[in-house]
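Just final_31.pdb here, PDB, C-alpha atoms:
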```pdb
ATOM      1  CA  MET A   1      79.444  -0.603 -20.747
ATOM      2  CA  MET A   2      78.570  -3.445 -23.105
ATOM      3  CA  ASN A   3      81.876  -3.078 -24.872
ATOM      4  CA  ASP A   4      83.565  -3.173 -21.490
ATOM      5  CA  ILE A   5      81.815  -6.440 -20.688
ATOM      6  CA  ASP A   6      82.917  -7.880 -24.012
ATOM      7  CA  LYS A   7      86.502  -6.885 -23.277
ATOM      8  CA  ILE A   8      86.423  -8.244 -19.743
ATOM      9  CA  LEU A   9      84.845 -11.481 -21.015
ATOM     10  CA  GLU A  10      87.596 -11.824 -23.535
ATOM     11  CA  LYS A  11      90.199 -11.275 -20.804
ATOM     12  CA  TYR A  12      88.308 -13.722 -18.548
ATOM     13  CA  PHE A  13      88.496 -16.550 -21.063
ATOM     14  CA  ASP A  14      92.155 -15.749 -21.631
ATOM     15  CA  GLY A  15      92.659 -15.990 -17.905
ATOM     16  CA  GLU A  16      93.822 -12.399 -17.586
ATOM     17  CA  THR A  17      91.058 -10.785 -15.499
ATOM     18  CA  SER A  18      91.685  -9.095 -12.203
ATOM     19  CA  LEU A  19      89.531  -9.783  -9.124
ATOM     20  CA  GLU A  20      87.818  -6.457  -9.644
ATOM     21  CA  GLU A  21      86.942  -7.337 -13.242
ATOM     22  CA  GLU A  22      85.569 -10.719 -12.217
ATOM     23  CA  LYS A  23      83.406  -8.959  -9.693
ATOM     24  CA  ILE A  24      82.040  -6.709 -12.438
ATOM     25  CA  LEU A  25      81.189  -9.775 -14.509
ATOM     26  CA  ARG A  26      79.401 -11.465 -11.615
ATOM     27  CA  GLN A  27      77.387  -8.357 -10.907
ATOM     28  CA  TYR A  28      76.495  -8.004 -14.573
ATOM     29  CA  PHE A  29      75.292 -11.584 -14.936
ATOM     30  CA  ARG A  30      73.326 -11.395 -11.671
ATOM     31  CA  GLN A  31      71.068  -8.629 -13.032
ATOM     32  CA  PRO A  32      68.039  -9.480 -15.241
ATOM     33  CA  GLU A  33      68.958  -7.337 -18.240
ATOM     34  CA  ILE A  34      71.738  -9.201 -20.021
ATOM     35  CA  GLU A  35      72.601  -8.736 -23.649
ATOM     36  CA  GLU A  36      71.375 -11.580 -25.828
ATOM     37  CA  ARG A  37      74.887 -12.429 -26.947
ATOM     38  CA  HIS A  38      76.056 -12.718 -23.364
ATOM     39  CA  LYS A  39      73.298 -15.029 -22.138
ATOM     40  CA  MET A  40      75.251 -18.122 -23.051
ATOM     41  CA  TYR A  41      77.853 -17.153 -20.423
ATOM     42  CA  ALA A  42      75.362 -16.441 -17.697
ATOM     43  CA  PRO A  43      75.260 -20.008 -16.276
ATOM     44  CA  ILE A  44      79.016 -19.901 -15.719
ATOM     45  CA  PHE A  45      78.880 -16.816 -13.518
ATOM     46  CA  ASN A  46      75.590 -17.735 -11.842
ATOM     47  CA  PHE A  47      77.093 -21.124 -11.086
ATOM     48  CA  PHE A  48      79.986 -19.454  -9.311
ATOM     49  CA  SER A  49      77.603 -17.101  -7.485
ATOM     50  CA  GLN A  50      75.447 -20.056  -6.412
ATOM     51  CA  GLU A  51      78.518 -21.926  -5.301
ATOM     52  CA  ARG A  52      79.588 -18.923  -3.218
ATOM     53  CA  LYS A  53      76.146 -18.719  -1.618
ATOM     54  CA  GLU A  54      76.271 -22.397  -0.716
ATOM     55  CA  ALA A  55      79.748 -21.964   0.624
ATOM     56  CA  VAL A  56      78.505 -19.110   2.847
ATOM     57  CA  ILE A  57      75.540 -21.211   4.047
ATOM     58  CA  GLU A  58      77.893 -24.114   4.702
ATOM     59  CA  LYS A  59      80.143 -21.775   6.644
ATOM     60  CA  LYS A  60      77.164 -20.515   8.673
ATOM     61  CA  LYS A  61      76.079 -24.069   9.379
ATOM     62  CA  LYS A  62      79.513 -24.867  10.723
ATOM     63  CA  LYS A  63      79.406 -21.915  13.107
ATOM     64  CA  ILE A  64      78.343 -24.069  16.086
ATOM     65  CA  PRO A  65      80.992 -26.711  16.573
ATOM     66  CA  VAL A  66      80.327 -30.123  18.068
ATOM     67  CA  TYR A  67      81.864 -29.313  21.437
ATOM     68  CA  ALA A  68      79.428 -26.386  21.757
ATOM     69  CA  TRP A  69      76.494 -28.730  21.200
ATOM     70  CA  LEU A  70      77.997 -31.115  23.732
ATOM     71  CA  SER A  71      78.298 -28.252  26.240
ATOM     72  CA  ILE A  72      74.663 -27.298  25.660
ATOM     73  CA  ALA A  73      73.571 -30.926  26.052
ATOM     74  CA  ALA A  74      75.639 -31.282  29.223
ATOM     75  CA  SER A  75      74.140 -28.076  30.662
ATOM     76  CA  ILE A  76      70.610 -29.291  29.944
ATOM     77  CA  LEU A  77      71.448 -32.633  31.540
ATOM     78  CA  ILE A  78      72.820 -30.907  34.672
ATOM     79  CA  LEU A  79      69.725 -28.700  34.926
ATOM     80  CA  LEU A  80      67.425 -31.700  34.552
ATOM     81  CA  THR A  81      69.418 -33.596  37.190
ATOM     82  CA  ILE A  82      69.258 -30.677  39.634
ATOM     83  CA  LYS A  83      65.515 -30.354  39.050
ATOM     84  CA  SER A  84      65.051 -34.093  39.501
ATOM     85  CA  VAL A  85      67.046 -34.146  42.756
ATOM     86  CA  HIS A  86      65.166 -31.078  43.989
ATOM     87  CA  THR A  87      61.800 -32.657  43.178
ATOM     88  CA  SER A  88      62.912 -35.888  44.798
ATOM     89  CA  MET A  89      63.995 -34.036  47.936
ATOM     90  CA  GLU A  90      60.683 -32.191  48.016
ATOM     91  CA  ASN A  91      58.839 -35.480  47.727
ATOM     92  CA  ASP A  92      61.003 -37.016  50.458
ATOM     93  CA  ALA A  93      60.304 -34.163  52.877
ATOM     94  CA  PRO A  94      57.670 -35.380  55.338
ATOM     95  CA  LYS A  95      54.242 -33.851  54.933
ATOM     96  CA  SER A  96      51.915 -33.162  57.830
ATOM     97  CA  MET A  97      49.617 -36.113  58.411
ATOM     98  CA  LEU A  98      47.282 -37.440  61.032
ATOM     99  CA  TYR A  99      45.703 -40.826  61.660
ATOM    100  CA  ILE A 100      43.035 -41.251  64.314
ATOM    101  CA  ASP A 101      41.891 -44.815  64.973
ATOM    102  CA  GLY A 102      43.643 -45.774  61.753
ATOM    103  CA  LYS A 103      41.707 -43.270  59.663
ATOM    104  CA  LYS A 104      43.578 -40.593  57.760
ATOM    105  CA  ILE A 105      42.484 -37.077  58.714
ATOM    106  CA  THR A 106      43.190 -34.283  56.257
ATOM    107  CA  ASN A 107      41.411 -31.447  58.065
ATOM    108  CA  MET A 108      44.168 -29.021  58.980
ATOM    109  CA  GLN A 109      42.335 -27.664  62.044
ATOM    110  CA  THR A 110      42.097 -31.173  63.478
ATOM    111  CA  ILE A 111      45.772 -31.727  62.723
ATOM    112  CA  ASN A 112      46.640 -28.464  64.479
ATOM    113  CA  SER A 113      44.576 -29.249  67.583
ATOM    114  CA  GLU A 114      46.026 -32.772  67.811
ATOM    115  CA  ALA A 115      49.501 -31.248  67.464
ATOM    116  CA  LEU A 116      48.785 -28.996  70.427
ATOM    117  CA  ILE A 117      47.565 -31.934  72.525
ATOM    118  CA  SER A 118      50.701 -33.910  71.717
ATOM    119  CA  ILE A 119      53.050 -31.022  72.506
ATOM    120  CA  GLU A 120      51.226 -30.264  75.758
ATOM    121  CA  ASN A 121      51.454 -33.907  76.781
ATOM    122  CA  VAL A 122      55.227 -34.041  76.477
ATOM    123  CA  SER A 123      56.135 -30.489  77.414
ATOM    124  CA  GLU A 124      54.041 -29.877  80.505
ATOM    125  CA  VAL A 125      55.960 -29.922  83.756
ATOM    126  CA  ASP A 126      54.816 -32.923  85.685
ATOM    127  CA  ALA A 127      53.273 -32.170  89.069
ATOM    128  CA  ASP A 128      55.160 -35.133  90.503
ATOM    129  CA  VAL A 129      58.451 -33.640  89.294
ATOM    130  CA  ILE A 130      57.617 -30.326  90.955
ATOM    131  CA  ASP A 131      56.655 -32.099  94.163
ATOM    132  CA  SER A 132      59.852 -34.144  94.141
ATOM    133  CA  GLN A 133      61.970 -31.049  93.445
ATOM    134  CA  ILE A 134      60.222 -29.129  96.226
ATOM    135  CA  GLY A 135      60.896 -32.098  98.481
ATOM    136  CA  ILE A 136      64.623 -31.974  97.620
ATOM    137  CA  LEU A 137      64.758 -28.222  98.205
ATOM    138  CA  ASP A 138      62.945 -28.651 101.527
ATOM    139  CA  SER A 139      65.504 -31.224 102.654
ATOM    140  CA  PHE A 140      68.248 -28.613 102.124
ATOM    141  CA  THR A 141      66.458 -25.871 104.008
ATOM    142  CA  GLU A 142      65.392 -27.976 106.958
TER     143      GLU A 142
ATOM    144  CA  MET B 143      85.610 -39.593  61.897
ATOM    145  CA  LEU B 144      83.699 -40.732  58.821
ATOM    146  CA  LEU B 145      83.088 -44.086  60.462
ATOM    147  CA  THR B 146      81.697 -42.401  63.573
ATOM    148  CA  VAL B 147      79.344 -40.276  61.476
ATOM    149  CA  THR B 148      78.173 -43.325  59.536
ATOM    150  CA  ILE B 149      77.572 -45.310  62.708
ATOM    151  CA  THR B 150      75.680 -42.395  64.289
ATOM    152  CA  ALA B 151      73.555 -41.933  61.184
ATOM    153  CA  SER B 152      72.706 -45.605  60.835
ATOM    154  CA  ALA B 153      71.961 -45.818  64.565
ATOM    155  CA  GLN B 154      69.439 -43.004  64.166
ATOM    156  CA  ASP B 155      67.875 -44.676  61.180
ATOM    157  CA  GLY B 156      67.424 -47.941  63.026
ATOM    158  CA  LEU B 157      65.508 -46.669  66.036
ATOM    159  CA  LYS B 158      63.236 -49.243  67.638
ATOM    160  CA  ILE B 159      60.558 -46.666  68.369
ATOM    161  CA  LYS B 160      60.037 -46.305  64.626
ATOM    162  CA  ASP B 161      58.714 -49.864  64.723
ATOM    163  CA  ILE B 162      56.363 -48.776  67.503
ATOM    164  CA  PHE B 163      55.013 -45.965  65.313
ATOM    165  CA  ASP B 164      54.505 -48.473  62.505
ATOM    166  CA  LYS B 165      52.950 -51.139  64.734
ATOM    167  CA  TYR B 166      50.545 -49.020  66.768
ATOM    168  CA  GLY B 167      50.129 -45.843  64.674
ATOM    169  CA  LYS B 168      47.088 -46.882  62.707
ATOM    170  CA  ARG B 169      45.253 -48.918  65.327
ATOM    171  CA  GLU B 170      41.972 -48.265  67.084
ATOM    172  CA  GLY B 171      42.572 -45.886  69.989
ATOM    173  CA  SER B 172      45.766 -44.414  68.480
ATOM    174  CA  VAL B 173      46.547 -40.935  67.245
ATOM    175  CA  LEU B 174      49.515 -40.810  64.887
ATOM    176  CA  LEU B 175      50.695 -37.357  63.945
ATOM    177  CA  GLN B 176      53.507 -36.084  61.768
ATOM    178  CA  LEU B 177      54.227 -32.414  61.230
ATOM    179  CA  SER B 178      55.958 -31.140  58.127
ATOM    180  CA  SER B 179      59.077 -29.031  58.356
ATOM    181  CA  ASP B 180      57.198 -26.224  56.579
ATOM    182  CA  VAL B 181      54.720 -26.031  59.444
ATOM    183  CA  LEU B 182      57.323 -26.465  62.174
ATOM    184  CA  SER B 183      59.645 -23.815  60.778
ATOM    185  CA  GLN B 184      56.949 -21.185  61.252
ATOM    186  CA  GLY B 185      57.434 -21.203  64.999
ATOM    187  CA  SER B 186      60.483 -23.200  66.036
ATOM    188  CA  ASN B 187      63.790 -24.760  65.101
ATOM    189  CA  ILE B 188      62.252 -28.208  65.254
ATOM    190  CA  THR B 189      62.554 -29.755  61.800
ATOM    191  CA  SER B 190      60.726 -33.028  62.275
ATOM    192  CA  TYR B 191      58.003 -34.051  64.744
ATOM    193  CA  LYS B 192      56.312 -37.426  64.927
ATOM    194  CA  SER B 193      53.951 -38.311  67.719
ATOM    195  CA  LEU B 194      51.954 -41.319  68.816
ATOM    196  CA  ILE B 195      49.282 -41.130  71.495
ATOM    197  CA  LEU B 196      47.626 -44.360  72.494
ATOM    198  CA  ASP B 197      45.524 -45.883  75.220
ATOM    199  CA  GLU B 198      47.781 -47.760  77.587
ATOM    200  CA  THR B 199      47.619 -51.526  77.653
ATOM    201  CA  THR B 200      50.066 -53.887  79.324
ATOM    202  CA  GLN B 201      51.217 -55.061  75.910
ATOM    203  CA  ASN B 202      51.890 -51.682  74.303
ATOM    204  CA  ARG B 203      53.450 -50.312  77.504
ATOM    205  CA  MET B 204      55.888 -53.225  77.558
ATOM    206  CA  ASP B 205      56.639 -52.944  73.840
ATOM    207  CA  ILE B 206      57.325 -49.228  74.120
ATOM    208  CA  ALA B 207      59.407 -49.646  77.270
ATOM    209  CA  GLU B 208      61.508 -52.263  75.499
ATOM    210  CA  ALA B 209      62.034 -50.089  72.407
ATOM    211  CA  LEU B 210      62.783 -47.058  74.556
ATOM    212  CA  LYS B 211      65.292 -48.996  76.612
ATOM    213  CA  ASP B 212      67.187 -50.013  73.446
ATOM    214  CA  ASP B 213      67.082 -46.588  71.817
ATOM    215  CA  ILE B 214      68.222 -44.596  74.847
ATOM    216  CA  ARG B 215      70.995 -46.980  75.875
ATOM    217  CA  GLY B 216      74.180 -44.919  76.073
ATOM    218  CA  LYS B 217      72.322 -41.701  75.214
ATOM    219  CA  LEU B 218      71.863 -38.582  77.275
ATOM    220  CA  THR B 219      68.860 -38.486  79.599
ATOM    221  CA  ILE B 220      67.653 -34.910  79.822
ATOM    222  CA  SER B 221      64.941 -35.666  82.357
ATOM    223  CA  GLU B 222      63.222 -38.784  83.613
ATOM    224  CA  VAL B 223      60.572 -39.589  86.194
ATOM    225  CA  LYS B 224      60.146 -43.161  87.378
ATOM    226  CA  LYS B 225      57.551 -44.624  89.679
ATOM    227  CA  ASP B 226      58.171 -48.054  91.183
ATOM    228  CA  GLY B 227      60.959 -48.477  88.628
ATOM    229  CA  VAL B 228      58.683 -47.724  85.658
ATOM    230  CA  ILE B 229      59.304 -44.651  83.529
ATOM    231  CA  GLU B 230      56.423 -42.197  83.729
ATOM    232  CA  SER B 231      58.039 -39.479  81.648
ATOM    233  CA  GLY B 232      61.356 -38.840  80.036
ATOM    234  CA  SER B 233      63.275 -36.741  77.541
ATOM    235  CA  TYR B 234      66.314 -38.234  75.845
ATOM    236  CA  TYR B 235      68.925 -36.796  73.544
ATOM    237  CA  LEU B 236      70.047 -39.199  70.809
ATOM    238  CA  GLY B 237      72.824 -37.164  69.193
ATOM    239  CA  LYS B 238      73.149 -35.802  65.695
ATOM    240  CA  ASP B 239      71.842 -37.452  62.563
ATOM    241  CA  LYS B 240      73.443 -37.403  59.104
ATOM    242  CA  THR B 241      71.944 -33.979  58.367
ATOM    243  CA  ASN B 242      73.515 -32.628  61.571
ATOM    244  CA  ASN B 243      70.150 -32.265  63.307
ATOM    245  CA  ASN B 244      69.802 -33.313  66.940
ATOM    246  CA  GLY B 245      67.397 -36.140  67.644
ATOM    247  CA  PHE B 246      65.206 -36.533  70.738
ATOM    248  CA  ILE B 247      62.720 -39.009  72.138
ATOM    249  CA  LEU B 248      60.033 -37.793  74.514
ATOM    250  CA  TYR B 249      57.845 -40.165  76.501
ATOM    251  CA  LYS B 250      54.948 -39.668  78.807
ATOM    252  CA  ASN B 251      52.588 -42.120  80.434
ATOM    253  CA  LYS B 252      49.853 -40.364  82.296
ATOM    254  CA  GLY B 253      46.175 -41.085  82.911
ATOM    255  CA  ARG B 254      46.482 -44.392  81.026
ATOM    256  CA  LYS B 255      47.501 -42.485  77.897
ATOM    257  CA  ILE B 256      50.952 -42.981  76.462
ATOM    258  CA  THR B 257      52.522 -40.238  74.379
ATOM    259  CA  LEU B 258      55.648 -41.029  72.414
ATOM    260  CA  VAL B 259      57.385 -38.341  70.370
ATOM    261  CA  TYR B 260      60.393 -38.517  68.107
ATOM    262  CA  LEU B 261      61.644 -35.144  67.023
ATOM    263  CA  LYS B 262      64.656 -33.619  65.345
ATOM    264  CA  GLY B 263      65.828 -30.064  65.340
ATOM    265  CA  ASN B 264      68.551 -27.629  64.624
ATOM    266  CA  PHE B 265      69.181 -26.528  68.213
ATOM    267  CA  PRO B 266      71.287 -27.636  71.196
ATOM    268  CA  SER B 267      69.868 -30.288  73.507
ATOM    269  CA  GLY B 268      69.598 -27.729  76.319
ATOM    270  CA  HIS B 269      67.063 -25.749  74.272
ATOM    271  CA  LEU B 270      64.538 -28.568  73.985
ATOM    272  CA  ASP B 271      62.066 -27.131  76.504
ATOM    273  CA  ALA B 272      62.293 -23.677  74.950
ATOM    274  CA  GLU B 273      61.705 -25.086  71.446
ATOM    275  CA  LEU B 274      58.710 -27.114  72.633
ATOM    276  CA  LYS B 275      57.292 -24.015  74.270
ATOM    277  CA  LYS B 276      57.727 -22.057  71.040
ATOM    278  CA  LEU B 277      55.957 -24.811  69.135
ATOM    279  CA  LYS B 278      53.191 -24.956  71.713
ATOM    280  CA  ASP B 279      52.715 -21.182  71.459
ATOM    281  CA  LEU B 280      52.533 -21.476  67.678
ATOM    282  CA  PHE B 281      49.745 -24.047  67.848
ATOM    283  CA  ILE B 282      47.870 -22.162  70.570
ATOM    284  CA  TYR B 283      47.922 -19.117  68.305
ATOM    285  CA  VAL B 284      46.988 -21.147  65.234
ATOM    286  CA  ASN B 285      44.114 -22.878  67.010
ATOM    287  CA  ASN B 286      42.791 -19.661  68.523
ATOM    288  CA  LYS B 287      42.885 -17.853  65.208
ATOM    289  CA  ARG B 288      41.726 -20.944  63.328
ATOM    290  CA  ILE B 289      44.603 -20.496  60.893
ATOM    291  CA  LYS B 290      45.258 -23.396  58.571
ATOM    292  CA  LEU B 291      48.979 -24.038  58.669
ATOM    293  CA  GLN B 292      50.121 -25.707  55.464
TER     294      GLN B 292
END
```

In structure tokens, write the structure found in this file.
Amino acid sequence: MMNDIDKILEKYFDGETSLEEEKILRQYFRQPEIEERHKMYAPIFNFFSQERKEAVIEKKKKKIPVYAWLSIAASILILLTIKSVHTSMENDAPKSMLYIDGKKITNMQTINSEALISIENVSEVDADVIDSQIGILDSFTE
Amino acid sequence: MLLTVTITASAQDGLKIKDIFDKYGKREGSVLLQLSSDVLSQGSNITSYKSLILDETTQNRMDIAEALKDDIRGKLTISEVKKDGVIESGSYYLGKDKTNNNGFILYKNKGRKITLVYLKGNFPSGHLDAELKKLKDLFIYVNNKRIKLQ
């Protein structure tokens, strides 16, 4: 194995290694047990390994392109706008309220009974109307 | 078409009786009531109900009559009772507002008490009595059962 490494190293520095052989070298220098005579070469291969790692991290970082972030930001903005409009509409919707003699009444039972009085006032059939309608009907039947 | 809608909507917004609610609503002897659509929707198709009940004086009767006269000019009178030329009660249809709801003014002057109501609803003008009855039934039920409508 060690002789193999020596041979591959020799080929490496002559620029004759295959991809497979370079992989073997990288794996060898990544492990903790390296022959003393090889340690001087370790930084070269660890440097390349480190550079690969950084390249992978860089690649991962670039996975979300700018337009994706813009889309996310736009979506959040739309959601916030919808929520804001919804809240605004809710706030604009009239709430039940009652003022008696200028004083605000919050008791719901009082509000309900005053509501009934108001509705009765405007919805009851006026006795005068009935009388006048009976009068009209009578004039036809006479 | 758009112009007509805009004119109708702005006409609704500028009702004179709204000034009456503002002027007399919080005075001694007045009862100003507004019901939320959440409450109203539990028993009727009325979406907005605002009412003012006040003790009749010559001044407020004249003010209200003047506002009423302006607001109902050119509008549909559903029913009206006059005595010696003075309106005792009346129901008037104002047309649709910008949210396509029909607007109505109801007026009653009886026993020296004036009741003025401005309401809107999602129903034809011919259903006004039926909708008021439904609302009345709702509040009779609520009052009898002492339910707190929110």

Report as a PyMOL selection string the residues that result from applying the PyMOL selection byres ((chain B) within 6 of (chain A)) to the structure here. chain B and resi 168-178+281+290

query = Can you list what the PyMOL selection byres ((chain B and resi 211-228) around 9) grabs from this structure, as a list of chain:residue names?
reply =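 So the PyMOL selection byres ((chain B and resi 211-228) around 9) ends up selecting A:Asp126, A:Asp128, A:Val129, B:Ala153, B:Gln154, B:Gly156, B:Leu157, B:Lys158, B:Ile159, B:Ile206, B:Ala207, B:Glu208, B:Ala209, B:Leu210, B:Ile229, B:Glu230, B:Ser231, B:Gly232, B:Ser233, B:Tyr234, B:Tyr235, B:Leu236, B:Gly237, B:Ile247, B:Ser267, B:Gly268.
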
Box centre and edge lengths (Å, one decimal), axis-aligned, range 105-123 of chain A plus 4 Å each side, as lines of an AutoDock Vina configuration file:
```
center_x = 48.8
center_y = -32.4
center_z = 66.8
size_x = 22.7
size_y = 17.4
size_z = 29.2
```

What's the separation between CA of Leu277 in chain B and CA of Asn264 in chain B, in Å to one decimal place?
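Separating CA of Leu277 in chain B from CA of Asn264 in chain B is a distance of 13.7 Å.
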
The distance between CA of Leu25 in chain A and CA of Asn46 in chain A is 10.1 Å

Checklist entry - In Å, how far is it from CA of Glu22 in chain A to CA of Glu54 in chain A? => result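 We find that CA of Glu22 in chain A and CA of Glu54 in chain A lie 18.8 Å from each other.
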
| query | Neighbours of Phe265 in chain B within 12 Å (all atoms listed in the file; same-chain residues fewer than 3 positions away dropped), as a PyMOL selection string? | reply | chain B and resi 186-189+235+237-238+242-246+261-262+268-274

Could you state which residues are captured by the PyMOL selection byres ((chain B and resi 203) around 12) in this file, as a ChimeraX atom specification?
/B:162,166,195-202,204-211,228-230,249-252,254-258

For Tyr28 in chain A: contacts at 12 Å, only C-alpha atoms, fewer than 3 positions along chain excluded, given as a list in words: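 Near Tyr28 in chain A, the qualifying residues are Met1, Met2, Asp4, Ile5, Asp6, Ile8, Leu9, Glu21, Glu22, Lys23, Ile24, Leu25, Gln31, Pro32, Glu33, Ile34, Glu35, His38, Lys39, Tyr41, Ala42, Phe45, Asn46 and Ser49 of chain A.
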
Keeping C-alpha atoms for every residue in the selection just given, could you write it to a file as a CSV table (one decimal), keeping the file's coordinate frame?
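New file result.csv:
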```csv
chain,number,residue,atom,x,y,z
A,1,MET,CA,79.4,-0.6,-20.7
A,2,MET,CA,78.6,-3.4,-23.1
A,4,ASP,CA,83.6,-3.2,-21.5
A,5,ILE,CA,81.8,-6.4,-20.7
A,6,ASP,CA,82.9,-7.9,-24.0
A,8,ILE,CA,86.4,-8.2,-19.7
A,9,LEU,CA,84.8,-11.5,-21.0
A,21,GLU,CA,86.9,-7.3,-13.2
A,22,GLU,CA,85.6,-10.7,-12.2
A,23,LYS,CA,83.4,-9.0,-9.7
A,24,ILE,CA,82.0,-6.7,-12.4
A,25,LEU,CA,81.2,-9.8,-14.5
A,31,GLN,CA,71.1,-8.6,-13.0
A,32,PRO,CA,68.0,-9.5,-15.2
A,33,GLU,CA,69.0,-7.3,-18.2
A,34,ILE,CA,71.7,-9.2,-20.0
A,35,GLU,CA,72.6,-8.7,-23.6
A,38,HIS,CA,76.1,-12.7,-23.4
A,39,LYS,CA,73.3,-15.0,-22.1
A,41,TYR,CA,77.9,-17.2,-20.4
A,42,ALA,CA,75.4,-16.4,-17.7
A,45,PHE,CA,78.9,-16.8,-13.5
A,46,ASN,CA,75.6,-17.7,-11.8
A,49,SER,CA,77.6,-17.1,-7.5
```
